[in-house]
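A.B. asks: If it helps, the file is called run.cif and holds mmCIF, C-alpha atoms:
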```cif
data_my_file
loop_
_atom_site.label_atom_id
_atom_site.label_comp_id
_atom_site.auth_asym_id
_atom_site.auth_seq_id
_atom_site.Cartn_x
_atom_site.Cartn_y
_atom_site.Cartn_z
CA MET T 1 113.43 120.49 109.12
CA ARG T 2 116.91 120.09 107.65
CA ASP T 3 118.29 120.34 111.19
CA LEU T 4 116.37 117.20 112.01
CA LEU T 5 117.98 115.10 109.33
CA LYS T 6 121.41 113.54 109.70
CA LYS T 7 123.89 114.56 107.06
CA GLY T 8 123.20 112.60 103.93
CA ASP T 9 121.25 112.51 100.74
CA PHE T 10 117.60 113.15 101.31
CA ARG T 11 115.10 113.84 98.62
CA VAL T 12 111.40 114.38 98.20
CA ASN T 13 109.95 111.87 95.76
CA GLY T 14 106.46 110.92 94.71
CA SER T 15 104.05 109.53 92.20
CA ILE T 16 101.26 111.25 90.26
CA TRP T 17 98.34 109.93 88.23
CA VAL T 18 94.83 110.72 86.98
CA GLU T 19 91.70 109.22 88.50
CA GLY T 20 88.39 108.98 86.67
CA LYS T 21 85.17 107.36 87.82
CA GLY T 22 86.79 106.56 91.15
CA THR T 23 89.74 104.59 89.80
CA ARG T 24 93.33 105.39 88.99
CA PHE T 25 93.53 104.96 85.24
CA PHE T 26 96.40 107.04 83.88
CA GLY T 27 99.84 107.14 85.46
CA PRO T 28 103.38 105.82 84.95
CA GLY T 29 102.27 102.22 84.23
CA PRO T 30 99.71 102.90 81.48
CA VAL T 31 102.04 105.50 79.94
CA GLU T 32 104.88 102.97 79.75
CA LEU T 33 102.51 100.35 78.33
CA LEU T 34 101.26 102.71 75.59
CA GLN T 35 104.82 103.72 74.71
CA LEU T 36 105.84 100.08 74.42
CA ILE T 37 102.81 99.26 72.27
CA GLN T 38 103.85 102.12 69.98
CA GLU T 39 107.43 100.82 69.92
CA THR T 40 106.68 97.13 69.38
CA GLY T 41 103.34 97.30 67.54
CA SER T 42 102.03 94.58 69.83
CA ILE T 43 100.14 94.51 73.15
CA ASN T 44 101.62 91.09 73.82
CA GLN T 45 105.23 92.18 73.34
CA ALA T 46 104.65 95.38 75.32
CA ALA T 47 103.19 93.35 78.19
CA ARG T 48 106.14 90.95 78.11
CA LYS T 49 108.65 93.82 78.29
CA MET T 50 106.88 95.04 81.41
CA GLY T 51 106.77 91.57 82.99
CA MET T 52 102.98 91.77 82.83
CA SER T 53 100.47 89.20 81.64
CA TYR T 54 98.66 89.82 78.36
CA LYS T 55 95.39 89.72 80.31
CA LYS T 56 96.53 92.50 82.64
CA ALA T 57 97.76 94.65 79.73
CA TRP T 58 94.54 94.08 77.86
CA GLU T 59 92.56 95.17 80.95
CA ILE T 60 94.54 98.41 81.19
CA VAL T 61 94.04 99.13 77.48
CA SER T 62 90.37 98.24 77.72
CA ARG T 63 89.83 100.59 80.71
CA LEU T 64 91.68 103.40 78.91
CA ASN T 65 89.54 102.94 75.78
CA GLU T 66 86.40 102.95 77.92
CA ILE T 67 87.23 106.07 79.95
CA MET T 68 88.51 108.17 77.07
CA ASP T 69 86.37 109.70 74.37
CA SER T 70 88.28 107.83 71.68
CA PRO T 71 90.26 104.59 71.63
CA MET T 72 93.84 104.78 72.87
CA VAL T 73 94.94 101.55 71.23
CA ILE T 74 93.86 100.50 67.77
CA THR T 75 94.20 96.83 66.92
CA ALA T 76 94.16 95.76 63.32
CA THR T 77 92.86 92.27 62.65
CA GLY T 78 93.78 89.93 59.84
CA GLY T 79 96.35 90.72 57.17
CA GLU T 80 99.50 88.83 56.36
CA LYS T 81 101.09 89.44 59.76
CA GLY T 82 97.84 88.83 61.66
CA GLY T 83 97.18 92.41 62.63
CA GLY T 84 99.11 94.33 65.24
CA SER T 85 98.40 97.26 67.50
CA THR T 86 99.13 100.92 67.34
CA ILE T 87 98.31 103.88 69.57
CA SER T 88 96.02 106.71 68.50
CA GLU T 89 96.82 110.41 68.08
CA GLU T 90 94.81 110.98 71.28
CA ALA T 91 97.02 108.51 73.17
CA LYS T 92 100.09 110.44 72.01
CA GLN T 93 98.48 113.66 73.27
CA MET T 94 97.68 112.02 76.64
CA ILE T 95 101.28 110.83 76.96
CA ALA T 96 102.60 114.32 76.14
CA TRP T 97 100.19 115.86 78.65
CA TYR T 98 101.22 113.37 81.36
CA GLN T 99 104.91 114.01 80.69
CA SER T 100 104.41 117.76 81.11
CA LEU T 101 102.49 117.13 84.37
CA ARG T 102 105.31 114.83 85.54
CA ASP T 103 107.89 117.52 84.66
CA LYS T 104 106.03 120.16 86.69
CA PHE T 105 105.75 117.70 89.56
CA ARG T 106 109.48 116.92 89.28
CA ARG T 107 110.31 120.63 89.55
CA PHE T 108 108.02 120.89 92.59
CA MET T 109 109.84 117.96 94.25
CA GLU T 110 113.26 119.37 93.37
CA GLN T 111 112.38 122.70 94.99
CA GLU T 112 111.22 120.92 98.15
CA THR T 113 114.35 118.74 98.14
CA GLU T 114 116.55 121.86 97.93
CA LYS T 115 114.91 123.18 101.09
CA LEU T 116 116.06 120.02 102.89
CA GLN T 117 119.72 120.57 102.06
CA MET G 1 93.65 117.43 77.22
CA ARG G 2 90.20 118.03 78.67
CA ASP G 3 88.75 117.51 75.19
CA LEU G 4 90.13 113.99 75.34
CA LEU G 5 88.27 113.03 78.47
CA LYS G 6 84.62 112.01 78.48
CA LYS G 7 82.41 114.17 80.65
CA GLY G 8 82.86 113.07 84.23
CA ASP G 9 84.83 113.58 87.36
CA PHE G 10 88.52 113.42 86.70
CA ARG G 11 91.18 114.43 89.13
CA VAL G 12 94.93 114.46 89.46
CA ASN G 13 96.02 112.56 92.54
CA GLY G 14 99.33 111.39 93.90
CA SER G 15 101.55 110.42 96.76
CA ILE G 16 104.62 112.14 98.19
CA TRP G 17 107.34 110.99 100.57
CA VAL G 18 110.95 111.54 101.65
CA GLU G 19 113.77 109.19 100.71
CA GLY G 20 117.02 108.94 102.63
CA LYS G 21 119.92 106.58 102.10
CA GLY G 22 118.13 105.13 99.09
CA THR G 23 114.92 104.12 100.86
CA ARG G 24 111.53 105.69 101.29
CA PHE G 25 111.34 106.40 105.01
CA PHE G 26 108.88 109.21 105.63
CA GLY G 27 105.46 109.41 104.01
CA PRO G 28 101.76 108.88 104.78
CA GLY G 29 102.29 105.49 106.51
CA PRO G 30 105.00 106.50 109.02
CA VAL G 31 103.14 109.78 109.71
CA GLU G 32 99.93 107.91 110.53
CA LEU G 33 101.88 105.45 112.69
CA LEU G 34 103.57 108.25 114.68
CA GLN G 35 100.25 110.03 115.15
CA LEU G 36 98.62 106.84 116.44
CA ILE G 37 101.55 106.19 118.83
CA GLN G 38 101.03 109.71 120.17
CA GLU G 39 97.29 109.09 120.51
CA THR G 40 97.45 105.63 122.10
CA GLY G 41 100.80 105.78 123.91
CA SER G 42 101.60 102.35 122.49
CA ILE G 43 103.37 101.02 119.39
CA ASN G 44 101.34 97.84 119.70
CA GLN G 45 97.97 99.60 119.74
CA ALA G 46 99.03 101.96 116.97
CA ALA G 47 100.07 98.98 114.81
CA ARG G 48 96.78 97.21 115.50
CA LYS G 49 94.77 100.28 114.44
CA MET G 50 96.64 100.26 111.15
CA GLY G 51 96.15 96.52 110.62
CA MET G 52 99.93 96.14 110.81
CA SER G 53 102.02 93.64 112.77
CA TYR G 54 103.96 94.87 115.80
CA LYS G 55 107.13 93.69 114.04
CA LYS G 56 106.42 95.83 110.96
CA ALA G 57 105.59 98.90 113.12
CA TRP G 58 108.73 98.37 115.14
CA GLU G 59 110.80 98.18 111.93
CA ILE G 60 109.36 101.51 110.71
CA VAL G 61 110.06 103.16 114.08
CA SER G 62 113.52 101.67 114.21
CA ARG G 63 114.37 102.95 110.69
CA LEU G 64 113.05 106.42 111.57
CA ASN G 65 115.14 106.53 114.75
CA GLU G 66 118.19 105.42 112.79
CA ILE G 67 117.86 107.93 109.93
CA MET G 68 116.99 110.95 112.07
CA ASP G 69 119.41 112.80 114.28
CA SER G 70 117.30 112.11 117.35
CA PRO G 71 114.81 109.38 118.25
CA MET G 72 111.29 109.80 116.89
CA VAL G 73 109.71 107.39 119.36
CA ILE G 74 110.68 107.21 123.02
CA THR G 75 109.75 104.05 124.87
CA ALA G 76 109.71 104.06 128.64
CA THR G 77 110.47 100.74 130.29
CA GLY G 78 109.23 99.44 133.61
CA GLY G 79 106.87 101.34 135.91
CA GLU G 80 103.44 100.29 137.10
CA LYS G 81 101.92 100.15 133.60
CA GLY G 82 105.00 98.54 132.07
CA GLY G 83 106.21 101.56 130.14
CA GLY G 84 104.53 102.98 127.08
CA SER G 85 105.67 104.96 124.08
CA THR G 86 105.55 108.58 123.15
CA ILE G 87 106.78 110.60 120.20
CA SER G 88 109.52 113.21 120.47
CA GLU G 89 109.34 116.93 119.79
CA GLU G 90 111.36 116.25 116.63
CA ALA G 91 108.74 113.72 115.47
CA LYS G 92 106.04 116.39 115.95
CA GLN G 93 108.12 118.80 113.86
CA MET G 94 108.58 116.16 111.13
CA ILE G 95 104.82 115.53 111.06
CA ALA G 96 104.10 119.28 110.82
CA TRP G 97 106.68 119.64 108.04
CA TYR G 98 105.20 116.68 106.13
CA GLN G 99 101.68 118.07 106.49
CA SER G 100 102.76 121.40 105.03
CA LEU G 101 104.48 119.57 102.13
CA ARG G 102 101.30 117.52 101.60
CA ASP G 103 99.21 120.73 101.61
CA LYS G 104 101.42 122.34 98.97
CA PHE G 105 101.23 119.16 96.90
CA ARG G 106 97.44 119.10 97.32
CA ARG G 107 97.20 122.66 95.97
CA PHE G 108 99.43 121.67 93.05
CA MET G 109 97.14 118.71 92.24
CA GLU G 110 94.01 120.86 92.60
CA GLN G 111 95.38 123.40 90.13
CA GLU G 112 96.17 120.62 87.64
CA THR G 113 92.73 119.08 88.20
CA GLU G 114 91.05 122.44 87.45
CA LYS G 115 92.80 122.53 84.10
CA LEU G 116 91.12 119.21 83.24
CA GLN G 117 87.61 120.55 83.80
#
```
So, in terms of structure tokens, how does the structure I just supplied come out?

C.D. replies:
Amino acid sequence: MRDLLKKGDFRVNGSIWVEGKGTRFFGPGPVELLQLIQETGSINQAARKMGMSYKKAWEIVSRLNEIMDSPMVITATGGEKGGGSTISEEAKQMIAWYQSLRDKFRRFMEQETEKLQ
Amino acid sequence: MRDLLKKGDFRVNGSIWVEGKGTRFFGPGPVELLQLIQETGSINQAARKMGMSYKKAWEIVSRLNEIMDSPMVITATGGEKGGGSTISEEAKQMIAWYQSLRDKFRRFMEQETEKLQ
């Protein structure tokens, strides 16, 4: 295989996600969205940082909450600052699990890339 | 992790490809295109089967030929039937290599899916 490639930088790359009920529901996008919700305390601000509409972000959060056994995003209503959103313990566990999957996948891709060089 | 998911069919899925000179150039799309060129003897027919314009197919073929050490698609000109295209031995080797990479990746995803259930 490596004989077939011209000298240069080649690498194996890819994307990995979880599907449930026939749809892709947990991958790099939802993970980034959850992390930004945690960081900003707001679905709206998280969506804006990702260049995504609030509607789209809300749909992702809503699908996550529906597919999982417990809510991923908890939105407080009322209060002086008009609520705000936070992510659940379960969401943090999902993120940690995804990151370890992504790390294993990264090692897999690095090994395959080494074989090309 | 599996405790977090509602009962149901969950699976890890993903996509894998090769990047060279900063661009994705070899993955499921180019592989399918090459296989269809081999099957039909025609870039045009292969493109049509993939619902792709001839221009787009030609761009993929052209990038493959440029990045690889030897042409992936060989187009004969002239003759009674006005030429026709075929794929090179190197293209067949690239396809076989990609399929074995995809198989390894599939086993990786299956193992991770089993851990979810």

A.B. asks: Hey, list the chain T side of the contact with chain G: 9 Å cut-off, only C-alpha atoms, answer as a compact mmCIF listing (two decimals) with C-alpha atoms, in the frame of the given file.

C.D. replies:
```
# COMPACT_ATOMS: atom_id res chain seq x y z
CA MET T 1 113.43 120.49 109.12
CA ASP T 3 118.29 120.34 111.19
CA LEU T 4 116.37 117.20 112.01
CA LEU T 5 117.98 115.10 109.33
CA LYS T 6 121.41 113.54 109.70
CA LYS T 7 123.89 114.56 107.06
CA GLY T 8 123.20 112.60 103.93
CA ASP T 9 121.25 112.51 100.74
CA PHE T 10 117.60 113.15 101.31
CA ARG T 11 115.10 113.84 98.62
CA VAL T 12 111.40 114.38 98.20
CA ASN T 13 109.95 111.87 95.76
CA GLY T 14 106.46 110.92 94.71
CA SER T 15 104.05 109.53 92.20
CA ILE T 16 101.26 111.25 90.26
CA TRP T 17 98.34 109.93 88.23
CA VAL T 18 94.83 110.72 86.98
CA GLU T 19 91.70 109.22 88.50
CA GLY T 20 88.39 108.98 86.67
CA LYS T 21 85.17 107.36 87.82
CA GLY T 22 86.79 106.56 91.15
CA ARG T 24 93.33 105.39 88.99
CA ILE T 67 87.23 106.07 79.95
CA MET T 68 88.51 108.17 77.07
CA ASP T 69 86.37 109.70 74.37
CA SER T 70 88.28 107.83 71.68
CA GLU T 90 94.81 110.98 71.28
CA GLN T 93 98.48 113.66 73.27
CA MET T 94 97.68 112.02 76.64
CA TRP T 97 100.19 115.86 78.65
CA LEU T 101 102.49 117.13 84.37
CA PHE T 105 105.75 117.70 89.56
CA PHE T 108 108.02 120.89 92.59
CA MET T 109 109.84 117.96 94.25
CA GLU T 112 111.22 120.92 98.15
CA THR T 113 114.35 118.74 98.14
```

A.B. asks: Point out the residue among T:Ser100, T:Ile43, T:Arg107, T:Thr77 with the least atom-to-atom distance to T:Ser62, counting all atoms listed in the file.

C.D. replies: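 Closest to T:Ser62 of all the choices is T:Ile43.
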
A.B. asks: Atom CA of G:Gln45 and atom CA of G:Arg63, how far apart in Å?

C.D. replies: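 Atom CA of G:Gln45 lies 19.0 Å from atom CA of G:Arg63.
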
A.B. asks: Report the distance between atom CA of G:Ile74 and atom CA of G:Pro28 in Å, rounded to one decimal place.

C.D. replies: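 Value for the atom CA of G:Ile74-atom CA of G:Pro28 distance: 20.4 Å.
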
A.B. asks: Please return the centre and edge lengths, in Å to one decimal, of a box with edges along x, y and z that contains all listed atoms of stretch 103-111 of chain T, widened by 4 Å on every side, as lines of an AutoDock Vina configuration file.

C.D. replies:
```
center_x = 109.5
center_y = 119.8
center_z = 89.8
size_x = 15.5
size_y = 13.8
size_z = 18.3
```

A.B. asks: Enter the distance from atom CA of T:Gly41 to atom CA of T:Ile87, in Å, rounded to one decimal.

C.D. replies: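 Going from atom CA of T:Gly41 over to atom CA of T:Ile87, I get 8.5 Å.
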
A.B. asks: Which residues, written as a PyMOL selection string, have at least one atom at most 8 Å from stretch 53-58 of chain G, with only C-alpha atoms counted and residues fewer than 2 positions away on the same chain left out?

C.D. replies: chain G and resi 33+43-44+47-48+51+60-62

A.B. asks: Can you list, as a list in words, the residues that the PyMOL selection byres ((chain T and resi 86) around 7) selects here?

C.D. replies: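 Written out, the selection comes to Ile37, Gln38, Gly41, Val73, Ile74, Thr75, Gly84, Ser85, Ile87 and Ser88 of chain T.
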
A.B. asks: I need the residue nearest T:Met72 from this list: T:Gln117, T:Gln35, T:Thr40, T:Gln111. Use all atoms listed in the file for the distance.

C.D. replies: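 Closest residue, counting all atoms listed in the file: T:Gln35.
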
A.B. asks: Can you give me N, CA and C atoms for stretch 21-38 of chain G, written as a PDB file, in the frame of the given file?

C.D. replies:
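Output file selection_2.pdb is given in full below:
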```pdb
ATOM      1  N   LYS G  21     119.074 107.765 102.234  1.00  0.00           N
ATOM      2  CA  LYS G  21     119.920 106.580 102.100  1.00  0.00           C
ATOM      3  C   LYS G  21     119.278 105.539 101.189  1.00  0.00           C
ATOM      4  N   GLY G  22     118.672 106.029 100.107  1.00  0.00           N
ATOM      5  CA  GLY G  22     118.130 105.130  99.090  1.00  0.00           C
ATOM      6  C   GLY G  22     116.794 104.486  99.403  1.00  0.00           C
ATOM      7  N   THR G  23     116.227 104.724 100.587  1.00  0.00           N
ATOM      8  CA  THR G  23     114.920 104.120 100.860  1.00  0.00           C
ATOM      9  C   THR G  23     113.882 105.157 101.250  1.00  0.00           C
ATOM     10  N   ARG G  24     112.657 104.861 100.905  1.00  0.00           N
ATOM     11  CA  ARG G  24     111.530 105.690 101.290  1.00  0.00           C
ATOM     12  C   ARG G  24     111.358 105.524 102.804  1.00  0.00           C
ATOM     13  N   PHE G  25     111.459 106.594 103.557  1.00  0.00           N
ATOM     14  CA  PHE G  25     111.340 106.400 105.010  1.00  0.00           C
ATOM     15  C   PHE G  25     110.309 107.288 105.671  1.00  0.00           C
ATOM     16  N   PHE G  26     109.856 108.339 104.978  1.00  0.00           N
ATOM     17  CA  PHE G  26     108.880 109.210 105.630  1.00  0.00           C
ATOM     18  C   PHE G  26     107.800 109.601 104.636  1.00  0.00           C
ATOM     19  N   GLY G  27     106.592 109.111 104.879  1.00  0.00           N
ATOM     20  CA  GLY G  27     105.460 109.410 104.010  1.00  0.00           C
ATOM     21  C   GLY G  27     104.182 109.169 104.791  1.00  0.00           C
ATOM     22  N   PRO G  28     103.058 108.986 104.092  1.00  0.00           N
ATOM     23  CA  PRO G  28     101.760 108.880 104.780  1.00  0.00           C
ATOM     24  C   PRO G  28     101.720 107.767 105.846  1.00  0.00           C
ATOM     25  N   GLY G  29     102.335 106.617 105.557  1.00  0.00           N
ATOM     26  CA  GLY G  29     102.290 105.490 106.510  1.00  0.00           C
ATOM     27  C   GLY G  29     102.986 105.808 107.832  1.00  0.00           C
ATOM     28  N   PRO G  30     104.303 106.150 107.789  1.00  0.00           N
ATOM     29  CA  PRO G  30     105.000 106.500 109.020  1.00  0.00           C
ATOM     30  C   PRO G  30     104.341 107.670 109.779  1.00  0.00           C
ATOM     31  N   VAL G  31     103.806 108.647 109.043  1.00  0.00           N
ATOM     32  CA  VAL G  31     103.140 109.780 109.710  1.00  0.00           C
ATOM     33  C   VAL G  31     101.926 109.277 110.490  1.00  0.00           C
ATOM     34  N   GLU G  32     101.118 108.437 109.842  1.00  0.00           N
ATOM     35  CA  GLU G  32      99.930 107.910 110.530  1.00  0.00           C
ATOM     36  C   GLU G  32     100.347 107.079 111.749  1.00  0.00           C
ATOM     37  N   LEU G  33     101.402 106.280 111.585  1.00  0.00           N
ATOM     38  CA  LEU G  33     101.880 105.450 112.690  1.00  0.00           C
ATOM     39  C   LEU G  33     102.319 106.321 113.875  1.00  0.00           C
ATOM     40  N   LEU G  34     103.110 107.355 113.600  1.00  0.00           N
ATOM     41  CA  LEU G  34     103.570 108.250 114.680  1.00  0.00           C
ATOM     42  C   LEU G  34     102.376 108.920 115.368  1.00  0.00           C
ATOM     43  N   GLN G  35     101.411 109.367 114.567  1.00  0.00           N
ATOM     44  CA  GLN G  35     100.250 110.030 115.150  1.00  0.00           C
ATOM     45  C   GLN G  35      99.458 109.078 116.060  1.00  0.00           C
ATOM     46  N   LEU G  36      99.363 107.818 115.636  1.00  0.00           N
ATOM     47  CA  LEU G  36      98.620 106.840 116.440  1.00  0.00           C
ATOM     48  C   LEU G  36      99.408 106.463 117.701  1.00  0.00           C
ATOM     49  N   ILE G  37     100.734 106.448 117.622  1.00  0.00           N
ATOM     50  CA  ILE G  37     101.550 106.190 118.830  1.00  0.00           C
ATOM     51  C   ILE G  37     101.316 107.321 119.825  1.00  0.00           C
ATOM     52  N   GLN G  38     101.280 108.558 119.304  1.00  0.00           N
ATOM     53  CA  GLN G  38     101.030 109.710 120.170  1.00  0.00           C
ATOM     54  C   GLN G  38      99.651 109.597 120.834  1.00  0.00           C
TER      55      GLN G  38
END
```
